[in-house]
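Below: the structure, in structure tokens.
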Amino acid sequence: MTVLSVRNLETFYGAIMALRGVSIDVTEGEIVTILGANGAGKSTLMKTIAGLMDPEKGSIELFGQSIAGLEPDRVVRAGVSLVPEGREVFPYLTVEENLKLGAYTRRDDPASDLELVYDYFPILKERRKQNAGYLSGGQQQMLAIGRGLMARPRLMMLDEPSLGLSPLLTQEIFGIIARLNAEQKVTMLLVEQNAHIALATAHTGYVLEMGRIVMGGPTEKLRASDDIQEFYLGKAEANERGQKRWKRRKTWR
Ligand SMILES: Nc1ncnc2c1ncn2[C@@H]1O[C@H](COP(=O)(O)OP(=O)(O)OP(=O)(O)O)[C@@H](O)[C@H]1O
């Protein structure tokens, strides 16, 4: 079952065309990752899906219903939660208050979801009465993910969960992301600059370059591609090959 279907999406900042006809699909139960260098358009894609930016052209469907151009709160109500980079938690609210805010679109009692979040992130339970501003960067990232889960999303979008975190913490957080997907069946769209961990965690990947999808497919296939190995996994070979880079860059396959 297709959860999210994006077709020929074009988004502008004034005269700057940041997305140039992007098409992606997310299937239920999958983790899909979008790889791309700085400025490729990853955040713009997330923001357009989340309703924070309006597309100029193209379609965005969630379970077959159009969500393109809806206000952000309507997109959340439709079942999409965006987990921003960790430092966007509310620093003067407690951990638990932050989590409860994640359930604001729901009318039922979020108590059982709170327990679920605490099961996955025991440190948040320990510190539930403390202000979120006192948490470490990694704990704030965990809180942001926990808050996203509280909405019981049908699609969870994660914007660079590894940003600013140590390799060890990054491993830990991606381990939990993989468990949430496997055990709780949370479907995820993951934007990540750390291609190693993103390709190891996701089932499907797309490569975004200058606003265009240049490659896509199962992550095991992407991991085996020479282009991905060279440009995203840092396995560039000797200089002789390096000089061919620019030409090869245009020959995605
Ligand atoms: N507020 C803005 N005004 C004008 N241009 C912008 C704005 N934000 C982004 N852009 C441009 O849009 C393009 C895509 O940017 P975007 O932030 O989506 O890339 P990204 O892949 O998320 O990069 P990063 O990893 O650095 O966040 C870039 O060329 C960028 O310069």
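Following the order of the structure tokens, chains are lettered A, B, ..., residues in each are numbered from 1, and ligands are numbered from 1.
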Notebook entry, point to check: Once you count only C-alpha atoms and all ligand atoms, which residues end up within 9 Å of ligand 1, and could you hand them over as a PyMOL selection string?
Noted result: chain A and resi 11-19+35-47+159-160+191-193+208-211
C-alpha atoms of the current selection, written as a PDB file, in the first residue's frame:
ATOM      1  CA  THR A  11       8.923  24.446  -5.296  1.00  0.00           C
ATOM      2  CA  PHE A  12      10.468  27.902  -5.538  1.00  0.00           C
ATOM      3  CA  TYR A  13      12.077  30.448  -3.244  1.00  0.00           C
ATOM      4  CA  GLY A  14      11.179  33.550  -5.232  1.00  0.00           C
ATOM      5  CA  ALA A  15      12.880  32.993  -8.570  1.00  0.00           C
ATOM      6  CA  ILE A  16      15.030  30.109  -7.285  1.00  0.00           C
ATOM      7  CA  MET A  17      13.702  26.716  -8.300  1.00  0.00           C
ATOM      8  CA  ALA A  18      14.615  24.448  -5.375  1.00  0.00           C
ATOM      9  CA  LEU A  19      12.658  21.331  -6.457  1.00  0.00           C
ATOM     10  CA  LEU A  35      20.256  11.442   0.334  1.00  0.00           C
ATOM     11  CA  GLY A  36      21.796  14.615  -0.962  1.00  0.00           C
ATOM     12  CA  ALA A  37      24.513  17.167  -0.369  1.00  0.00           C
ATOM     13  CA  ASN A  38      23.988  20.570   1.236  1.00  0.00           C
ATOM     14  CA  GLY A  39      21.529  22.614  -0.765  1.00  0.00           C
ATOM     15  CA  ALA A  40      20.207  19.671  -2.805  1.00  0.00           C
ATOM     16  CA  GLY A  41      16.646  20.434  -1.726  1.00  0.00           C
ATOM     17  CA  LYS A  42      16.047  17.836   1.011  1.00  0.00           C
ATOM     18  CA  SER A  43      14.631  20.291   3.554  1.00  0.00           C
ATOM     19  CA  THR A  44      12.550  21.987   0.877  1.00  0.00           C
ATOM     20  CA  LEU A  45      10.995  18.622   0.001  1.00  0.00           C
ATOM     21  CA  MET A  46      10.145  17.938   3.660  1.00  0.00           C
ATOM     22  CA  LYS A  47       8.750  21.445   4.130  1.00  0.00           C
ATOM     23  CA  ASP A 159      14.901  15.736   9.241  1.00  0.00           C
ATOM     24  CA  GLU A 160      18.577  14.851   9.781  1.00  0.00           C
ATOM     25  CA  VAL A 191      16.391  12.924   5.282  1.00  0.00           C
ATOM     26  CA  GLU A 192      19.988  12.352   6.238  1.00  0.00           C
ATOM     27  CA  GLN A 193      23.453  13.530   5.271  1.00  0.00           C
ATOM     28  CA  LEU A 208      18.510  14.286  -4.718  1.00  0.00           C
ATOM     29  CA  GLU A 209      20.912  16.545  -6.603  1.00  0.00           C
ATOM     30  CA  MET A 210      20.202  20.183  -7.305  1.00  0.00           C
ATOM     31  CA  GLY A 211      16.478  19.721  -6.930  1.00  0.00           C
TER      32      GLY A 211
END
Note to self: Let's see if you can do this: from backbone DSSP, list all strand (DSSP E or B) residues in region 34-114 of chain A, as a ChimeraX atom specification.
What the structure shows: /A:34-35,57-62,65-66,80-83,94
Sorted per-residue table, region 10-107 of chain A near region 166-187 of chain A, closest atoms and distance, 7 Å, only C-alpha atoms, as CSV:
residue,atom,partner,partner_atom,distance
A:Glu28,CA,A:Thr187,CA,5.8
A:Gly29,CA,A:Thr187,CA,4.7
A:Glu30,CA,A:Thr187,CA,5.2
A:Ile31,CA,A:Thr187,CA,5.9
Next item on the list: Compare A:Ser225, A:Ser162, A:Thr48, A:Thr105 by their minimum atom-to-atom distance to Asp73 (chain A), counting only C-alpha atoms, and give me the closest one.
Entry: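 Selected residue with least distance to Asp73 (chain A): A:Thr105.
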Note to self: I want to know what sits within 10 Å of Gln140 (chain A), based on only C-alpha atoms, with residues of the same chain fewer than 3 positions away left out; could you give that as number ranges by chain?
What the structure shows: A: 85-91, 95, 124, 132-137, 143-146
Margin query: Quick one: residues within 12 Å of Gly51 (chain A), only C-alpha atoms, excluding same-chain residues fewer than 3 positions away - as a PyMOL selection string?
Written below: chain A and resi 11+44-48+54-55+60+66-78+80-82
Deliver the residues from the most recent selection as a file, using C-alpha atoms, as a tab-separated table (two decimals), in the first residue's frame.
chain	number	residue	atom	x	y	z
A	11	THR	CA	8.92	24.45	-5.30
A	44	THR	CA	12.55	21.99	0.88
A	45	LEU	CA	10.99	18.62	0.00
A	46	MET	CA	10.14	17.94	3.66
A	47	LYS	CA	8.75	21.44	4.13
A	48	THR	CA	6.61	21.18	1.01
A	54	ASP	CA	3.44	25.66	-1.15
A	55	PRO	CA	4.43	23.80	-4.31
A	60	ILE	CA	1.37	15.14	-3.04
A	66	SER	CA	-4.24	15.21	-2.00
A	67	ILE	CA	-2.46	17.10	0.78
A	68	ALA	CA	-0.60	19.56	-1.48
A	69	GLY	CA	-0.94	23.15	-0.32
A	70	LEU	CA	-2.80	22.28	2.92
A	71	GLU	CA	-1.95	24.25	6.06
A	72	PRO	CA	0.63	22.48	8.27
A	73	ASP	CA	-1.87	21.61	11.02
A	74	ARG	CA	-4.17	19.98	8.45
A	75	VAL	CA	-1.24	17.90	7.20
A	76	VAL	CA	-0.55	16.78	10.78
A	77	ARG	CA	-4.22	15.87	11.22
A	78	ALA	CA	-4.06	13.90	7.97
A	80	VAL	CA	2.03	13.23	8.80
A	81	SER	CA	4.37	14.30	11.57
A	82	LEU	CA	7.61	16.12	10.92
Item checked: Nearby residues (only C-alpha atoms) at most 7 Å from region 197-200 of chain A, same-chain spacing under 4 positions excluded, as a VMD selection string -> chain A and resid 33 192 219 223
Next item on the list: May I ask which of the residues A:Met150, A:Leu233, A:Leu93, A:Ala202 is the closest one to Glu220 (chain A), counting only C-alpha atoms?
Entry: A:Ala202
